[in-house]
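K.L.:
File target-v6.json below, JSON, C-alpha atoms:
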[["chain", "number", "residue", "atom", "x", "y", "z"],
["Y", 4, "MET", "CA", 144.90, 54.69, 69.55],
["Y", 5, "ILE", "CA", 142.40, 52.58, 67.63],
["Y", 6, "TYR", "CA", 140.84, 49.46, 69.10],
["Y", 7, "ASN", "CA", 137.96, 47.02, 69.25],
["Y", 8, "ASP", "CA", 137.37, 43.92, 71.36],
["Y", 9, "LYS", "CA", 140.12, 41.98, 69.55],
["Y", 10, "PHE", "CA", 143.04, 44.40, 69.08],
["Y", 11, "ILE", "CA", 144.53, 47.69, 70.22],
["Y", 12, "TRP", "CA", 146.65, 49.62, 67.76],
["Y", 13, "LEU", "CA", 149.27, 51.94, 69.27],
["Y", 14, "HIS", "CA", 150.37, 55.03, 67.36],
["Y", 15, "PHE", "CA", 154.13, 54.89, 67.92],
["Y", 16, "PRO", "CA", 155.30, 58.33, 66.64],
["Y", 17, "LYS", "CA", 157.10, 58.57, 63.29],
["Y", 18, "CYS", "CA", 156.20, 55.05, 62.15],
["Y", 19, "ALA", "CA", 153.58, 55.82, 59.47],
["Y", 20, "GLY", "CA", 150.91, 56.11, 62.13],
["Y", 21, "THR", "CA", 149.17, 59.07, 60.54],
["Y", 22, "LYS", "CA", 148.74, 57.04, 57.37],
["Y", 23, "ILE", "CA", 147.13, 54.24, 59.37],
["Y", 24, "GLU", "CA", 144.87, 56.76, 61.11],
["Y", 25, "HIS", "CA", 143.74, 58.16, 57.76],
["Y", 26, "LEU", "CA", 143.04, 54.74, 56.24],
["Y", 27, "LEU", "CA", 141.11, 53.37, 59.20],
["Y", 28, "THR", "CA", 139.20, 56.60, 59.80],
["Y", 29, "LYS", "CA", 138.23, 57.06, 56.15],
["Y", 30, "TYR", "CA", 137.07, 53.50, 55.51],
["Y", 31, "PHE", "CA", 136.00, 52.26, 58.94],
["Y", 32, "SER", "CA", 134.77, 55.32, 60.84],
["Y", 33, "ASN", "CA", 131.31, 53.77, 61.16],
["Y", 34, "HIS", "CA", 132.47, 50.23, 61.81],
["Y", 35, "ALA", "CA", 130.56, 48.74, 64.75],
["Y", 36, "GLY", "CA", 132.68, 48.35, 67.85],
["Y", 37, "LEU", "CA", 135.75, 50.12, 66.47],
["Y", 38, "PHE", "CA", 136.90, 53.04, 68.63],
["Y", 39, "GLN", "CA", 139.17, 55.66, 67.05],
["Y", 40, "ASP", "CA", 140.73, 58.65, 68.78],
["Y", 41, "HIS", "CA", 140.57, 62.03, 67.12],
["Y", 42, "PHE", "CA", 144.01, 62.75, 65.74],
["Y", 43, "THR", "CA", 144.24, 66.50, 65.28],
["Y", 44, "ILE", "CA", 145.27, 69.13, 67.81],
["Y", 45, "ASP", "CA", 142.05, 71.06, 67.21],
["Y", 46, "GLU", "CA", 139.93, 68.04, 68.11],
["Y", 47, "ASP", "CA", 142.18, 66.79, 70.92],
["Y", 48, "PRO", "CA", 144.78, 69.19, 72.34],
["Y", 49, "SER", "CA", 145.93, 66.44, 74.74],
["Y", 50, "MET", "CA", 147.18, 64.34, 71.80],
["Y", 51, "SER", "CA", 145.69, 61.23, 73.38],
["Y", 52, "TRP", "CA", 145.98, 59.44, 70.04],
["Y", 53, "HIS", "CA", 149.63, 58.86, 71.00],
["Y", 54, "ASP", "CA", 148.70, 57.11, 74.26],
["Y", 55, "SER", "CA", 150.45, 53.98, 75.39],
["Y", 56, "ILE", "CA", 148.44, 51.38, 77.31],
["Y", 57, "ALA", "CA", 149.66, 52.89, 80.59],
["Y", 58, "ASP", "CA", 148.71, 56.40, 79.42],
["Y", 59, "ARG", "CA", 145.19, 55.28, 78.56],
["Y", 60, "LYS", "CA", 144.74, 53.54, 81.90],
["Y", 61, "GLU", "CA", 145.76, 56.76, 83.61],
["Y", 62, "ARG", "CA", 143.16, 58.70, 81.62],
["Y", 63, "ASP", "CA", 140.49, 56.05, 82.06],
["Y", 64, "SER", "CA", 140.72, 53.74, 85.07],
["Y", 65, "SER", "CA", 138.21, 51.35, 83.49],
["Y", 66, "PHE", "CA", 140.40, 50.74, 80.43],
["Y", 67, "GLU", "CA", 142.01, 47.29, 80.30],
["Y", 68, "LEU", "CA", 144.13, 45.44, 77.78],
["Y", 69, "GLY", "CA", 142.45, 42.16, 78.59],
["Y", 70, "SER", "CA", 143.17, 39.40, 76.07],
["Y", 71, "ARG", "CA", 143.39, 41.77, 73.11],
["Y", 72, "THR", "CA", 146.33, 41.71, 70.73],
["Y", 73, "ILE", "CA", 148.61, 44.74, 70.67],
["Y", 74, "VAL", "CA", 149.38, 46.07, 67.19],
["Y", 75, "CYS", "CA", 152.25, 48.54, 67.27],
["Y", 76, "SER", "CA", 153.75, 50.54, 64.43],
["Y", 77, "PHE", "CA", 157.53, 50.25, 64.25],
["Y", 78, "ARG", "CA", 160.56, 50.92, 62.06],
["Y", 79, "ARG", "CA", 164.32, 50.38, 62.04],
["Y", 80, "LEU", "CA", 166.26, 52.61, 64.42],
["Y", 81, "PRO", "CA", 168.49, 54.73, 62.12],
["Y", 82, "ASN", "CA", 165.52, 55.52, 59.89],
["Y", 83, "TRP", "CA", 163.37, 56.39, 62.91],
["Y", 84, "LEU", "CA", 166.02, 58.69, 64.37],
["Y", 85, "GLU", "CA", 166.38, 60.52, 61.08],
["Y", 86, "SER", "CA", 162.62, 60.99, 60.80],
["Y", 87, "ARG", "CA", 162.33, 62.08, 64.41],
["Y", 88, "TYR", "CA", 165.09, 64.65, 64.05],
["Y", 89, "ASN", "CA", 163.50, 66.14, 60.93],
["Y", 90, "PHE", "CA", 160.13, 66.31, 62.67],
["Y", 91, "GLU", "CA", 161.43, 67.96, 65.85],
["Y", 92, "TYR", "CA", 163.67, 70.38, 63.97],
["Y", 93, "LEU", "CA", 160.72, 71.64, 61.95],
["Y", 94, "ARG", "CA", 158.58, 71.94, 65.06],
["Y", 95, "ASN", "CA", 161.11, 74.21, 66.74],
["Y", 96, "PRO", "CA", 164.09, 75.20, 64.54],
["Y", 97, "LYS", "CA", 165.25, 77.82, 67.08],
["Y", 98, "LEU", "CA", 166.43, 75.15, 69.52],
["Y", 99, "PRO", "CA", 170.18, 74.28, 69.63],
["Y", 100, "HIS", "CA", 169.68, 70.95, 67.87],
["Y", 101, "ARG", "CA", 172.82, 68.82, 67.87],
["Y", 102, "PRO", "CA", 172.35, 66.26, 65.09],
["Y", 103, "GLU", "CA", 175.50, 64.36, 66.13],
["Y", 104, "GLN", "CA", 173.56, 63.25, 69.22],
["Y", 105, "LEU", "CA", 171.59, 60.91, 66.99],
["Y", 106, "LEU", "CA", 174.61, 58.58, 67.04],
["Y", 107, "GLU", "CA", 173.85, 58.13, 70.76],
["Y", 108, "GLY", "CA", 170.13, 57.68, 70.12],
["Y", 109, "ARG", "CA", 169.43, 61.18, 71.44],
["Y", 110, "PHE", "CA", 167.50, 64.13, 70.02],
["Y", 111, "LEU", "CA", 165.82, 67.32, 71.24],
["Y", 112, "GLU", "CA", 162.05, 67.35, 71.59],
["Y", 113, "SER", "CA", 160.34, 70.57, 70.48],
["Y", 114, "THR", "CA", 160.09, 71.47, 74.19],
["Y", 115, "GLY", "CA", 163.87, 71.44, 74.49],
["Y", 116, "TYR", "CA", 163.92, 68.14, 76.38],
["Y", 117, "ASN", "CA", 166.85, 65.90, 75.42],
["Y", 118, "ASN", "CA", 165.19, 62.54, 74.85],
["Y", 119, "HIS", "CA", 166.40, 59.06, 73.90],
["Y", 120, "ALA", "CA", 165.01, 56.48, 71.47],
["Y", 121, "ASP", "CA", 164.81, 53.78, 74.15],
["Y", 122, "TYR", "CA", 162.34, 55.94, 76.08],
["Y", 123, "TYR", "CA", 159.80, 55.58, 73.30],
["Y", 124, "VAL", "CA", 160.12, 51.87, 72.74],
["Y", 125, "LYS", "CA", 159.90, 51.22, 76.50],
["Y", 126, "LYS", "CA", 156.83, 53.46, 76.68],
["Y", 127, "TYR", "CA", 154.88, 51.61, 73.99],
["Y", 128, "LEU", "CA", 156.37, 48.14, 74.29],
["Y", 129, "PRO", "CA", 157.44, 47.55, 77.91],
["Y", 130, "GLU", "CA", 158.90, 44.25, 79.02],
["Y", 131, "GLU", "CA", 155.67, 42.93, 80.48],
["Y", 132, "MET", "CA", 153.82, 43.54, 77.23],
["Y", 133, "LEU", "CA", 156.40, 41.66, 75.17],
["Y", 134, "GLU", "CA", 156.14, 38.75, 77.58],
["Y", 135, "THR", "CA", 152.44, 38.30, 76.79],
["Y", 136, "GLY", "CA", 153.32, 37.08, 73.29],
["Y", 137, "ARG", "CA", 150.38, 39.09, 71.94],
["Y", 138, "VAL", "CA", 152.30, 41.85, 70.12],
["Y", 139, "ARG", "CA", 152.19, 42.26, 66.33],
["Y", 140, "PHE", "CA", 154.46, 44.76, 64.60],
["Y", 141, "LEU", "CA", 153.31, 46.88, 61.67],
["Y", 142, "ARG", "CA", 156.67, 47.74, 60.14],
["Y", 143, "THR", "CA", 156.98, 50.94, 58.16],
["Y", 144, "GLU", "CA", 159.33, 49.33, 55.66],
["Y", 145, "PHE", "CA", 156.71, 46.65, 54.88],
["Y", 146, "PHE", "CA", 153.71, 48.89, 55.34],
["Y", 147, "GLU", "CA", 151.24, 47.49, 52.81],
["Y", 148, "SER", "CA", 151.90, 43.80, 53.43],
["Y", 149, "ASP", "CA", 151.93, 44.17, 57.23],
["Y", 150, "PHE", "CA", 148.80, 46.34, 57.21],
["Y", 151, "LYS", "CA", 146.91, 43.79, 55.14],
["Y", 152, "THR", "CA", 148.18, 40.79, 57.10],
["Y", 153, "ILE", "CA", 147.38, 42.28, 60.48],
["Y", 154, "PHE", "CA", 144.20, 44.29, 59.98],
["Y", 155, "GLY", "CA", 142.89, 41.78, 57.46],
["Y", 156, "ASP", "CA", 142.31, 39.45, 60.43],
["Y", 157, "TYR", "CA", 139.86, 41.96, 61.93],
["Y", 158, "LEU", "CA", 138.44, 44.09, 59.10],
["Y", 159, "ASP", "CA", 137.33, 43.71, 55.48],
["Y", 160, "LEU", "CA", 140.13, 45.57, 53.72],
["Y", 161, "SER", "CA", 138.77, 44.97, 50.23],
["Y", 162, "ILE", "CA", 137.01, 48.35, 50.42],
["Y", 163, "ILE", "CA", 140.37, 50.20, 50.45],
["Y", 164, "PRO", "CA", 141.58, 51.03, 46.89],
["Y", 165, "ALA", "CA", 145.08, 49.65, 46.18],
["Y", 166, "ARG", "CA", 146.41, 53.11, 45.29],
["Y", 167, "LYS", "CA", 145.78, 54.35, 48.84],
["Y", 168, "PHE", "CA", 148.59, 52.20, 50.18],
["Y", 169, "LYS", "CA", 151.13, 54.00, 48.00],
["Y", 170, "LYS", "CA", 150.18, 57.51, 49.12],
["Y", 171, "LYS", "CA", 152.67, 59.20, 51.46],
["Y", 172, "VAL", "CA", 151.27, 61.04, 54.47],
["Y", 173, "ASN", "CA", 152.85, 63.51, 56.93],
["Y", 174, "VAL", "CA", 156.37, 63.29, 55.49],
["Y", 175, "SER", "CA", 158.79, 65.76, 57.08],
["Y", 176, "LYS", "CA", 161.21, 67.84, 55.03],
["Y", 177, "ARG", "CA", 164.81, 66.64, 55.35],
["Y", 178, "CYS", "CA", 166.67, 68.80, 57.87],
["Y", 179, "LEU", "CA", 169.40, 66.42, 58.98],
["Y", 180, "PRO", "CA", 172.86, 67.44, 57.66],
["Y", 181, "ASP", "CA", 174.16, 65.07, 55.00],
["Y", 182, "ASP", "CA", 177.34, 64.17, 56.88],
["Y", 183, "ILE", "CA", 175.44, 63.16, 60.02],
["Y", 184, "ARG", "CA", 172.87, 61.27, 57.97],
["Y", 185, "GLU", "CA", 175.67, 59.26, 56.36],
["Y", 186, "GLN", "CA", 177.25, 58.48, 59.73],
["Y", 187, "LEU", "CA", 173.91, 57.40, 61.15],
["Y", 188, "TYR", "CA", 173.73, 54.57, 58.62],
["Y", 189, "VAL", "CA", 177.45, 53.77, 58.29],
["Y", 190, "ARG", "CA", 178.00, 53.65, 62.07],
["Y", 191, "PHE", "CA", 174.73, 51.89, 62.73],
["Y", 192, "ARG", "CA", 176.32, 49.36, 65.12],
["Y", 193, "GLU", "CA", 177.29, 52.19, 67.48],
["Y", 194, "VAL", "CA", 173.79, 53.60, 67.25],
["Y", 195, "TYR", "CA", 172.25, 50.26, 68.23],
["Y", 196, "GLU", "CA", 174.74, 49.80, 71.06],
["Y", 197, "ALA", "CA", 173.53, 53.13, 72.45],
["Y", 198, "CYS", "CA", 169.91, 51.92, 72.27],
["Y", 199, "PRO", "CA", 169.96, 48.34, 73.60],
["Y", 200, "TYR", "CA", 166.24, 48.06, 74.31],
["Y", 201, "TRP", "CA", 165.33, 49.26, 70.82],
["Y", 202, "GLN", "CA", 167.83, 46.81, 69.39],
["Y", 203, "ARG", "CA", 166.16, 43.96, 71.24],
["Y", 204, "VAL", "CA", 162.64, 44.88, 70.19],
["Y", 205, "GLU", "CA", 163.69, 45.49, 66.59],
["Y", 206, "ALA", "CA", 165.18, 42.00, 66.49],
["Y", 207, "LEU", "CA", 161.77, 40.64, 67.51],
["Y", 208, "ALA", "CA", 159.91, 42.78, 64.98],
["Y", 209, "TYR", "CA", 162.11, 41.81, 62.04],
["Y", 210, "SER", "CA", 162.86, 38.20, 62.94],
["Y", 211, "ALA", "CA", 160.27, 37.01, 60.40]]
Now, as a test, write the supplied structure out as structure tokens.

P.N.:
Amino acid sequence: MIYNDKFIWLHFPKCAGTKIEHLLTKYFSNHAGLFQDHFTIDEDPSMSWHDSIADRKERDSSFELGSRTIVCSFRRLPNWLESRYNFEYLRNPKLPHRPEQLLEGRFLESTGYNNHADYYVKKYLPEEMLETGRVRFLRTEFFESDFKTIFGDYLDLSIIPARKFKKKVNVSKRCLPDDIREQLYVRFREVYEACPYWQRVEALAYSA
């Protein structure tokens, strides 16, 4: 999580969040009023940098959203599921991963827990947050333009060299079998039907 008195950025996993962390930490670490979580296990074993608003309130009872704008990283569902599977497989390849479950929006966490994509989007973007009308989406597919449009309202981005936006960060090796990967994109309607809340939020994020 990174925030000041005007915005709160949420690090939705597998949506280029590490790249955002690197850019904002490198160029704005001393920016007055800008709070940035540590984002390595060594510095923060609790992984609080992945907090939702509710998580942060639970850690710190004085924390409030107030009138601040929520900035949330996001990406299209099939692409997110592929990235998530690759990430979790590499974290714990000994688990009985069933890649075909991705067609239902499901995947194994490294702990062995069978999770669902809608859990994550409800965690970071619950109904009541969407209703505030103060959510801005930083879409992975439009990373540079969204980053500049959103954070340019709060920070002087001219200090970031243009080449830094092209650099890839924290990319997982492809582990998803080719046949399942193909089905994930060909049968995308089934995938969205299995993840109705994600489908709704994605429609909001990409409506522009």

K.L.:
Do you know which residues are at most 12 Å from Y:Val138 counting only C-alpha atoms, after dropping those on the same chain fewer than 5 positions away, and could you put them as JSON, numbers by chain?

P.N.:
{"Y": [10, 11, 12, 13, 68, 70, 71, 72, 73, 74, 75, 76, 77, 127, 128, 129, 130, 131, 132, 133, 153, 204, 207, 208]}

K.L.:
Which residue, Y:Ile23, Y:Ile5, Y:Tyr88, Y:His14, has the smallest gap to Y:Val172 when you use all atoms listed in the file?

P.N.:
Y:Ile23

K.L.:
Between Y:Pro99, Y:Gly36, Y:Gly20, Y:Gly108, which residue has the minimum interatomic distance to Y:Tyr200, considering all atoms listed in the file?

P.N.:
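The closest residue to Y:Tyr200 is Y:Gly108.
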
K.L.:
For Y:Arg192, list every protein, DNA or RNA residue within 12 Å, evaluated using only C-alpha atoms, and leave out those in the same chain fewer than 3 positions away; present the list as a PDB file with C-alpha atoms, in the coordinates of the input.

P.N.:
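Okay, this is what ended up in around_11.pdb:
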ATOM      1  CA  LEU Y  80     166.260  52.610  64.420  1.00  0.00           C
ATOM      2  CA  PRO Y  81     168.490  54.730  62.120  1.00  0.00           C
ATOM      3  CA  LEU Y 106     174.610  58.580  67.040  1.00  0.00           C
ATOM      4  CA  GLU Y 107     173.850  58.130  70.760  1.00  0.00           C
ATOM      5  CA  GLY Y 108     170.130  57.680  70.120  1.00  0.00           C
ATOM      6  CA  GLN Y 186     177.250  58.480  59.730  1.00  0.00           C
ATOM      7  CA  LEU Y 187     173.910  57.400  61.150  1.00  0.00           C
ATOM      8  CA  TYR Y 188     173.730  54.570  58.620  1.00  0.00           C
ATOM      9  CA  VAL Y 189     177.450  53.770  58.290  1.00  0.00           C
ATOM     10  CA  TYR Y 195     172.250  50.260  68.230  1.00  0.00           C
ATOM     11  CA  GLU Y 196     174.740  49.800  71.060  1.00  0.00           C
ATOM     12  CA  ALA Y 197     173.530  53.130  72.450  1.00  0.00           C
ATOM     13  CA  CYS Y 198     169.910  51.920  72.270  1.00  0.00           C
ATOM     14  CA  PRO Y 199     169.960  48.340  73.600  1.00  0.00           C
ATOM     15  CA  GLN Y 202     167.830  46.810  69.390  1.00  0.00           C
TER      16      GLN Y 202
END

K.L.:
Give me, please, the distance in Å between atom CA of Y:Met4 and atom CA of Y:Tyr116, quoted to one decimal.

P.N.:
24.3 Å

K.L.:
Please determine, counting all atoms listed in the file, which residue among Y:Glu85, Y:Asp45, Y:Asp121, Y:Glu91 has the shortest atom-to-atom distance to Y:Glu185.

P.N.:
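Of Y:Glu85, Y:Asp45, Y:Asp121, Y:Glu91, the one nearest Y:Glu185 is Y:Glu85, counting all atoms listed in the file.
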
K.L.:
What's the separation between atom CA of Y:Phe38 and atom CA of Y:Asp149, in Å to one decimal place?

P.N.:
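Atom CA of Y:Phe38 sits 20.8 Å away from atom CA of Y:Asp149.
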
K.L.:
Take atom CA of Y:Leu27 and atom CA of Y:Phe150 and report the distance between them in Å, one decimal.

P.N.:
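Spanning atom CA of Y:Leu27 to atom CA of Y:Phe150 is a straight-line distance of 10.6 Å.
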
K.L.:
List as JSON, numbers by chain the residues having at least one atom at most 12 Å from position (141.8, 54.8, 53.4) as given in the file, counting all atoms listed in the file.

P.N.:
{"Y": [21, 22, 23, 24, 25, 26, 27, 28, 29, 30, 31, 32, 147, 150, 160, 161, 162, 163, 164, 165, 166, 167, 168, 169, 170, 171, 172]}

K.L.:
Using only C-alpha atoms, find the one residue out of Y:Ser175, Y:Thr135, Y:Ser55, Y:Asn118 that sits nearest to Y:Phe90.

P.N.:
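Of all the options, Y:Ser175 lies closest to Y:Phe90.
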
K.L.:
When you count all atoms listed in the file, which of these residues is closest to Y:Ala19: Y:Val174, Y:Met50, Y:Ala120, Y:Ala206?

P.N.:
Y:Val174

K.L.:
Measuring between all atoms listed in the file, which one of Y:Val194, Y:Thr43, Y:Arg203, Y:Phe140 shows the shortest distance to Y:Gln104?

P.N.:
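Using all atoms listed in the file, Y:Gln104 sits closest to Y:Val194.
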
K.L.:
Near Y:Glu103, within 10 Å and counting all atoms listed in the file, which residues show up once chain neighbours fewer than 5 positions away are dropped, as a compact mmCIF listing (two decimals) with C-alpha atoms, in the coordinates of the input?

P.N.:
# COMPACT_ATOMS: atom_id res chain seq x y z
CA GLY Y 108 170.13 57.68 70.12
CA ARG Y 109 169.43 61.18 71.44
CA PHE Y 110 167.50 64.13 70.02
CA LEU Y 179 169.40 66.42 58.98
CA PRO Y 180 172.86 67.44 57.66
CA ASP Y 182 177.34 64.17 56.88
CA ILE Y 183 175.44 63.16 60.02
CA ARG Y 184 172.87 61.27 57.97
CA GLN Y 186 177.25 58.48 59.73
CA LEU Y 187 173.91 57.40 61.15

K.L.:
Output as a tab-separated table (two decimals), in the coordinates of the input: stretch 130-156 of chain Y, completed with N, CA and C atoms.

P.N.:
chain	number	residue	atom	x	y	z
Y	130	GLU	N	158.54	45.66	78.85
Y	130	GLU	CA	158.90	44.25	79.02
Y	130	GLU	C	157.69	43.36	79.25
Y	131	GLU	N	156.81	43.77	80.14
Y	131	GLU	CA	155.67	42.93	80.48
Y	131	GLU	C	154.73	42.73	79.31
Y	132	MET	N	154.67	43.68	78.40
Y	132	MET	CA	153.82	43.54	77.23
Y	132	MET	C	154.43	42.53	76.25
Y	133	LEU	N	155.74	42.60	76.06
Y	133	LEU	CA	156.40	41.66	75.17
Y	133	LEU	C	156.23	40.23	75.67
Y	134	GLU	N	156.24	40.08	76.99
Y	134	GLU	CA	156.14	38.75	77.58
Y	134	GLU	C	154.78	38.10	77.37
Y	135	THR	N	153.76	38.88	77.03
Y	135	THR	CA	152.44	38.30	76.79
Y	135	THR	C	152.41	37.47	75.50
Y	136	GLY	N	153.32	37.77	74.57
Y	136	GLY	CA	153.32	37.08	73.29
Y	136	GLY	C	152.19	37.51	72.38
Y	137	ARG	N	151.53	38.63	72.72
Y	137	ARG	CA	150.38	39.09	71.94
Y	137	ARG	C	150.68	40.43	71.26
Y	138	VAL	N	151.91	40.61	70.80
Y	138	VAL	CA	152.30	41.85	70.12
Y	138	VAL	C	152.55	41.54	68.64
Y	139	ARG	N	151.94	42.36	67.77
Y	139	ARG	CA	152.19	42.26	66.33
Y	139	ARG	C	152.74	43.60	65.87
Y	140	PHE	N	153.77	43.55	65.05
Y	140	PHE	CA	154.46	44.76	64.60
Y	140	PHE	C	154.04	45.12	63.18
Y	141	LEU	N	153.61	46.37	63.00
Y	141	LEU	CA	153.31	46.88	61.67
Y	141	LEU	C	154.50	47.73	61.25
Y	142	ARG	N	155.39	47.13	60.47
Y	142	ARG	CA	156.67	47.74	60.14
Y	142	ARG	C	156.54	48.71	58.98
Y	143	THR	N	157.07	49.89	59.17
Y	143	THR	CA	156.98	50.94	58.16
Y	143	THR	C	157.56	50.49	56.83
Y	144	GLU	N	158.66	49.76	56.88
Y	144	GLU	CA	159.33	49.33	55.66
Y	144	GLU	C	158.51	48.30	54.87
Y	145	PHE	N	157.57	47.64	55.52
Y	145	PHE	CA	156.71	46.65	54.88
Y	145	PHE	C	155.25	47.04	55.08
Y	146	PHE	N	154.99	48.34	54.92
Y	146	PHE	CA	153.71	48.89	55.34
Y	146	PHE	C	152.52	48.14	54.75
Y	147	GLU	N	152.44	48.06	53.44
Y	147	GLU	CA	151.24	47.49	52.81
Y	147	GLU	C	151.03	46.03	53.20
Y	148	SER	N	152.07	45.23	53.12
Y	148	SER	CA	151.90	43.80	53.43
Y	148	SER	C	151.57	43.59	54.90
Y	149	ASP	N	152.23	44.32	55.80
Y	149	ASP	CA	151.93	44.17	57.23
Y	149	ASP	C	150.53	44.67	57.56
Y	150	PHE	N	150.14	45.79	56.97
Y	150	PHE	CA	148.80	46.34	57.21
Y	150	PHE	C	147.74	45.32	56.82
Y	151	LYS	N	147.90	44.74	55.64
Y	151	LYS	CA	146.91	43.79	55.14
Y	151	LYS	C	146.91	42.50	55.96
Y	152	THR	N	148.09	42.02	56.32
Y	152	THR	CA	148.18	40.79	57.10
Y	152	THR	C	147.55	40.95	58.48
Y	153	ILE	N	147.86	42.08	59.11
Y	153	ILE	CA	147.38	42.28	60.48
Y	153	ILE	C	145.90	42.69	60.51
Y	154	PHE	N	145.57	43.80	59.89
Y	154	PHE	CA	144.20	44.29	59.98
Y	154	PHE	C	143.22	43.45	59.17
Y	155	GLY	N	143.76	42.68	58.21
Y	155	GLY	CA	142.89	41.78	57.46
Y	155	GLY	C	142.28	40.69	58.33
Y	156	ASP	N	142.87	40.43	59.49
Y	156	ASP	CA	142.31	39.45	60.43
Y	156	ASP	C	141.10	40.01	61.17
